[in-house]
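File shown: upload-v2.pdb (PDB, C-alpha atoms, pLDDT in the B column).
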MODEL        1
ATOM      1  CA  MET A   1      -1.065 -17.029  12.132  1.00 47.00           C
ATOM      2  CA  PRO A   2      -2.852 -13.664  11.545  1.00 57.00           C
ATOM      3  CA  ASP A   3      -6.202 -15.329  12.296  1.00 59.00           C
ATOM      4  CA  ARG A   4      -4.911 -16.444  15.689  1.00 60.00           C
ATOM      5  CA  LEU A   5      -3.761 -12.898  16.452  1.00 57.00           C
ATOM      6  CA  LYS A   6      -7.087 -11.542  15.304  1.00 59.00           C
ATOM      7  CA  ASP A   7      -8.980 -13.997  17.491  1.00 67.00           C
ATOM      8  CA  SER A   8      -6.795 -13.200  20.494  1.00 80.00           C
ATOM      9  CA  GLN A   9      -8.421  -9.772  20.795  1.00 84.00           C
ATOM     10  CA  PRO A  10     -11.743  -9.561  22.617  1.00 90.00           C
ATOM     11  CA  TRP A  11     -14.809  -9.175  20.408  1.00 90.00           C
ATOM     12  CA  TRP A  12     -15.490  -5.640  21.611  1.00 91.00           C
ATOM     13  CA  GLN A  13     -11.998  -4.449  20.577  1.00 92.00           C
ATOM     14  CA  ARG A  14     -12.542  -5.927  17.124  1.00 92.00           C
ATOM     15  CA  PHE A  15     -15.975  -4.253  17.007  1.00 93.00           C
ATOM     16  CA  VAL A  16     -14.491  -0.872  17.994  1.00 93.00           C
ATOM     17  CA  ALA A  17     -11.732  -1.281  15.381  1.00 91.00           C
ATOM     18  CA  GLY A  18     -14.395  -2.062  12.744  1.00 92.00           C
ATOM     19  CA  LEU A  19     -16.449   0.986  13.712  1.00 91.00           C
ATOM     20  CA  ASN A  20     -13.332   3.141  13.614  1.00 90.00           C
ATOM     21  CA  GLU A  21     -12.493   1.859  10.122  1.00 91.00           C
ATOM     22  CA  PHE A  22     -16.101   2.373   8.986  1.00 91.00           C
ATOM     23  CA  TYR A  23     -16.037   5.971  10.183  1.00 89.00           C
ATOM     24  CA  HIS A  24     -12.588   6.972   8.856  1.00 88.00           C
ATOM     25  CA  ALA A  25     -12.563   5.147   5.507  1.00 89.00           C
ATOM     26  CA  PRO A  26     -14.654   7.701   3.527  1.00 88.00           C
ATOM     27  CA  TYR A  27     -12.462  10.598   4.668  1.00 91.00           C
ATOM     28  CA  ARG A  28      -9.031   9.059   4.096  1.00 90.00           C
ATOM     29  CA  GLN A  29      -8.651  10.358   0.532  1.00 92.00           C
ATOM     30  CA  THR A  30      -9.953  13.804   1.463  1.00 93.00           C
ATOM     31  CA  MET A  31      -7.553  14.071   4.379  1.00 93.00           C
ATOM     32  CA  ALA A  32      -4.622  12.896   2.237  1.00 93.00           C
ATOM     33  CA  ARG A  33      -5.475  15.518  -0.392  1.00 94.00           C
ATOM     34  CA  ALA A  34      -5.706  18.241   2.268  1.00 95.00           C
ATOM     35  CA  ALA A  35      -2.340  17.199   3.702  1.00 94.00           C
ATOM     36  CA  ARG A  36      -0.770  17.277   0.215  1.00 92.00           C
ATOM     37  CA  ASP A  37      -2.223  20.747  -0.443  1.00 93.00           C
ATOM     38  CA  GLU A  38      -0.856  21.966   2.863  1.00 94.00           C
ATOM     39  CA  GLU A  39       2.575  20.532   2.049  1.00 91.00           C
ATOM     40  CA  ASP A  40       2.468  22.183  -1.402  1.00 90.00           C
ATOM     41  CA  PHE A  41       1.699  25.550   0.184  1.00 91.00           C
ATOM     42  CA  PHE A  42       4.519  25.095   2.697  1.00 90.00           C
ATOM     43  CA  MET A  43       6.970  24.239  -0.107  1.00 89.00           C
ATOM     44  CA  LEU A  44       5.852  27.353  -2.000  1.00 87.00           C
ATOM     45  CA  LEU A  45       6.348  29.420   1.124  1.00 87.00           C
ATOM     46  CA  MET A  46       9.839  27.999   1.623  1.00 86.00           C
ATOM     47  CA  PHE A  47      11.019  28.434  -1.957  1.00 83.00           C
ATOM     48  CA  ALA A  48       9.057  31.611  -2.799  1.00 84.00           C
ATOM     49  CA  GLU A  49      12.048  33.929  -2.403  1.00 83.00           C
ATOM     50  CA  SER A  50      14.080  31.722  -4.767  1.00 78.00           C
ATOM     51  CA  LEU A  51      11.229  31.805  -7.293  1.00 80.00           C
ATOM     52  CA  GLY A  52      11.129  35.611  -7.221  1.00 83.00           C
ATOM     53  CA  ILE A  53       8.073  36.023  -5.016  1.00 85.00           C
ATOM     54  CA  ASP A  54       8.412  38.323  -2.020  1.00 88.00           C
ATOM     55  CA  ASN A  55       8.196  36.334   1.177  1.00 85.00           C
ATOM     56  CA  PRO A  56       8.000  38.043   4.561  1.00 84.00           C
ATOM     57  CA  ALA A  57       8.939  34.788   6.304  1.00 82.00           C
ATOM     58  CA  SER A  58      12.048  34.097   4.211  1.00 82.00           C
ATOM     59  CA  PHE A  59      14.345  34.701   7.190  1.00 83.00           C
ATOM     60  CA  TYR A  60      12.720  31.757   8.967  1.00 83.00           C
ATOM     61  CA  THR A  61      12.292  29.449   5.993  1.00 82.00           C
ATOM     62  CA  LEU A  62      15.775  29.864   4.530  1.00 81.00           C
ATOM     63  CA  GLU A  63      17.373  27.454   6.962  1.00 84.00           C
ATOM     64  CA  LEU A  64      14.727  24.798   6.162  1.00 84.00           C
ATOM     65  CA  GLN A  65      15.463  24.732   2.427  1.00 81.00           C
ATOM     66  CA  PRO A  66      18.308  22.173   2.566  1.00 81.00           C
ATOM     67  CA  LEU A  67      16.069  19.777   4.478  1.00 84.00           C
ATOM     68  CA  PHE A  68      13.306  19.929   1.865  1.00 83.00           C
ATOM     69  CA  LEU A  69      15.507  20.040  -1.232  1.00 80.00           C
ATOM     70  CA  GLU A  70      15.197  16.299  -1.764  1.00 82.00           C
ATOM     71  CA  ASN A  71      11.392  16.707  -2.083  1.00 84.00           C
ATOM     72  CA  PHE A  72      11.729  19.692  -4.409  1.00 82.00           C
ATOM     73  CA  HIS A  73      11.731  17.714  -7.687  1.00 82.00           C
ATOM     74  CA  GLU A  74       8.492  15.940  -6.804  1.00 85.00           C
ATOM     75  CA  TRP A  75       6.922  19.243  -5.796  1.00 85.00           C
ATOM     76  CA  HIS A  76       7.854  21.286  -8.871  1.00 83.00           C
ATOM     77  CA  THR A  77       6.706  18.545 -11.251  1.00 85.00           C
ATOM     78  CA  ARG A  78       3.389  18.319  -9.358  1.00 84.00           C
ATOM     79  CA  MET A  79       3.036  22.105  -9.688  1.00 83.00           C
ATOM     80  CA  GLY A  80       3.411  21.854 -13.473  1.00 84.00           C
ATOM     81  CA  MET A  81       7.035  22.974 -13.865  1.00 81.00           C
ATOM     82  CA  ASP A  82       8.686  20.473 -16.211  1.00 78.00           C
ATOM     83  CA  ARG A  83      12.188  21.782 -15.555  1.00 79.00           C
ATOM     84  CA  CYS A  84      13.710  22.982 -12.324  1.00 76.00           C
ATOM     85  CA  PRO A  85      13.286  26.776 -12.089  1.00 73.00           C
ATOM     86  CA  PHE A  86      16.631  27.233 -10.312  1.00 73.00           C
ATOM     87  CA  ASP A  87      20.058  27.356 -11.878  1.00 68.00           C
ATOM     88  CA  HIS A  88      21.814  26.284  -8.695  1.00 65.00           C
ATOM     89  CA  VAL A  89      19.689  23.151  -8.129  1.00 62.00           C
ATOM     90  CA  GLY A  90      20.340  20.313 -10.536  1.00 65.00           C
ATOM     91  CA  CYS A  91      17.404  18.025  -9.882  1.00 70.00           C
ATOM     92  CA  CYS A  92      16.286  17.605 -13.509  1.00 67.00           C
TER
ENDMDL
END
Target encoding structure tokens, full file:
Amino acid sequence: MPDRLKDSQPWWQRFVAGLNEFYHAPYRQTMARAARDEEDFFMLLMFAESLGIDNPASFYTLELQPLFLENFHEWHTRMGMDRCPFDHVGCC
């Protein structure tokens, strides 16, 4: 079945898709790492005030904390904190 779907596309669309894959494949890991680093920085910015770091944007990020609390455990273990640094969050 997938071969029939693949053959249903014109050859030039398959060629363009192959060129697109050839161009983007080497950069996929780099882009994923950059996106993860950006997410880590954003999580630090959101939870900086709770960690004791002065944050000038805490007024704006405070209301986002409940939305990102479910990702907090993954983030703090990736940052090298074995235990949760907060008393009021019981993720570990």
Of the candidates A:Pro85, A:Trp75, A:Asp54, A:Thr30, which one gets nearest to Phe42 in chain A if we count all atoms listed in the file?
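Selected residue with least distance to Phe42 in chain A: A:Trp75.
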Chain and number of each residue from the PyMOL selection byres ((chain A and resi 40) around 12), as a list in words:
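Selected by the PyMOL selection byres ((chain A and resi 40) around 12) in this file: Arg33, Ala34, Ala35, Arg36, Asp37, Glu38, Glu39, Phe41, Phe42, Met43, Leu44, Leu45, Met46, Phe47, Ala48, Phe68, Asn71, Phe72, Glu74, Trp75, His76, Thr77, Arg78 and Met79 of chain A.
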Which residue of A:Ala32, A:Phe86, A:His73, A:Trp11 approaches Glu49 in chain A most closely, using only C-alpha atoms:
A:Phe86
Using CA of Gly80 in chain A and CA of Ile53 in chain A as the two end points, give the distance in Å to one decimal.
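Separation between CA of Gly80 in chain A and CA of Ile53 in chain A: 17.1 Å.
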Please return the centre and edge lengths, in Å to one decimal, of a box with edges along x, y and z that contains all listed atoms of range 14-23 of chain A, widened by 4 Å on every side, as AutoDock Vina command-line options.
--center_x -14.1 --center_y 0.0 --center_z 13.5 --size_x 12.7 --size_y 19.9 --size_z 17.0
Distance CA of Arg83 in chain A-CA of Leu51 in chain A, one decimal place?
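Going from CA of Arg83 in chain A over to CA of Leu51 in chain A covers 13.0 Å.
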What separation in Å, quoted to one decimal, exists between CA of Gly52 in chain A and CA of Cys91 in chain A?
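Atom-to-atom, CA of Gly52 in chain A and CA of Cys91 in chain A are spaced 18.9 Å apart.
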Using only C-alpha atoms, find the one residue out of A:Cys84, A:Val16, A:Gln29, A:Ser8 that sits nearest to Ser50 in chain A.
A:Cys84
